[in-house]
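S.K.: Pasting a structure here, questions to come.
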Amino acid sequence: MGVMSETISVCCTACGRRHRYTAPSYPCACGAPVAPRLDPRGSATAVGHRAWDEEWIGVRCAACGAEGRWPRPELGCPCGTVLCVPVDPAAGRRAPGSRVPAHRSVPIRSARDAVTAAVLYLRGLGHRDVRRADQRPLAGIGLAAPGVVVQVDPTVGPASVRDVECLWLTAMAESARGVYFSLAGYAEEARVRADLLDVPLFVLDPTGVPRPANAPAAALDATAGWD
Ligand SMILES: [Zn+2]
Ligand SMILES: [Zn+2]
């Protein structure tokens with residue numbers, strides 16, 4: 001059943017509210033799920049300015065020992081503060097007695113690879129100026145280019161209807177179109193809602209190629225001029 005995702009209590013540094021936080025799990029290249037080890041004794045810190053390199057942490061796979069780069073655990077408090085969730089400094093050790101599973105060829109080894117695949121695809125659609133989005137999405141990494149707001153979701157679970165709705169709302173607020181890339185696909189309800197909201201859904205297949213997962217995505221894909 002995969003990785004044991006921990007849940008810890010996180011206290012907001014600004015308003016004192018307490019939150020339960022469960023680490024998301026991500027797919028290692030070997031196929032096993034990995035999750036950042038949280039530090040229940042550590043305290044959260046407020047995220048100030050954003051630096052791309054500080055938003056990634058190394059997470060070692062207990063099954064094969066490979067280290068991937070995944071988004072640093074963060075939590076958005078309703079008061080508006082973004083909290084950096086404490087990570088166990090001793091994390092990253094290989095679990096004793098773990099078995100190395102059969103190797104699979106998966107070029108997407110980390111969230112960064114998923115982001116790269118999405119950026120390359122967006123360039124094919126004519127979006128040369130893809131940057132990090134100002135607003136962080138619920139799950140994964142937010143990208144933006146003129147006219148589009150993009151969510152890259154590298155987590156193990158399928159994207160939910162709430163994920164799709166949040167992307168659509170964020171895009172609406174910026175008079176842009178939301179485009180979703182997911183590694184694990186979409187819940188059925190999420191697909192239905194995306195069709196209604198005209199949100200293109202793509203699945204990043206293991207070779208790193210985005211595949212259209214609904215009609216709006218297929219229509220968008222047909223406009224791509226590959227050069
Ligand atoms: Zn707060
Ligand atoms: Zn692994």
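We label chains A, B, ... in the order they appear in the structure tokens, count residues from 1 in each chain, and number ligands from 1 in the order shown.
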I'd like to know which residues of stretch 36-176 of chain A are strand (DSSP E or B) (by DSSP, run on the backbone); could you write them as a ChimeraX atom specification?

M.R.: /A:38,45-46,56-60,67-71,74-76,82-84,87,131-132,141-145,148-153,159

S.K.: For A:Arg20, find every residue with an atom within 10 Å (counting only C-alpha atoms), except residues of its own chain fewer than 5 positions away, and show them as a list of chain:residue names.

M.R.: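 So, after excluding close chain neighbours, the residues are A:Thr7, A:Ile8, A:Ser9, A:Val10, A:Cys11, A:Leu75.
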
S.K.: In Å to one decimal, how far is atom CA of A:Ala139 from atom CA of A:Ala32?

M.R.: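 Here the two named atoms are 19.4 Å from each other.
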
S.K.: Find, counting only C-alpha atoms, the residue in A:Gly42, A:Pro200, A:Pro154, A:Pro33 that gets nearest to A:Val179.

M.R.: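 Using only C-alpha atoms, A:Val179 sits closest to A:Pro200.
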
S.K.: Against ligand 1, which residues of chain A fall within 8 Å? For each one I want the closest pair of atoms and the distance in Å (one decimal), counting only C-alpha atoms and all ligand atoms, rows by chain and increasing residue number, as a tab-separated table.

M.R.:
residue	atom	partner	partner_atom_place_in_ligand_line	distance
A:Cys11	CA	ligand 1	1 (Zn)	7.9
A:Cys12	CA	ligand 1	1 (Zn)	4.6
A:Thr13	CA	ligand 1	1 (Zn)	6.6
A:Ala14	CA	ligand 1	1 (Zn)	5.1
A:Cys15	CA	ligand 1	1 (Zn)	4.2
A:Gly16	CA	ligand 1	1 (Zn)	6.0
A:Arg17	CA	ligand 1	1 (Zn)	5.5
A:Cys77	CA	ligand 1	1 (Zn)	4.7
A:Pro78	CA	ligand 1	1 (Zn)	6.0
A:Cys79	CA	ligand 1	1 (Zn)	4.3
A:Gly80	CA	ligand 1	1 (Zn)	6.5
A:Thr81	CA	ligand 1	1 (Zn)	5.5
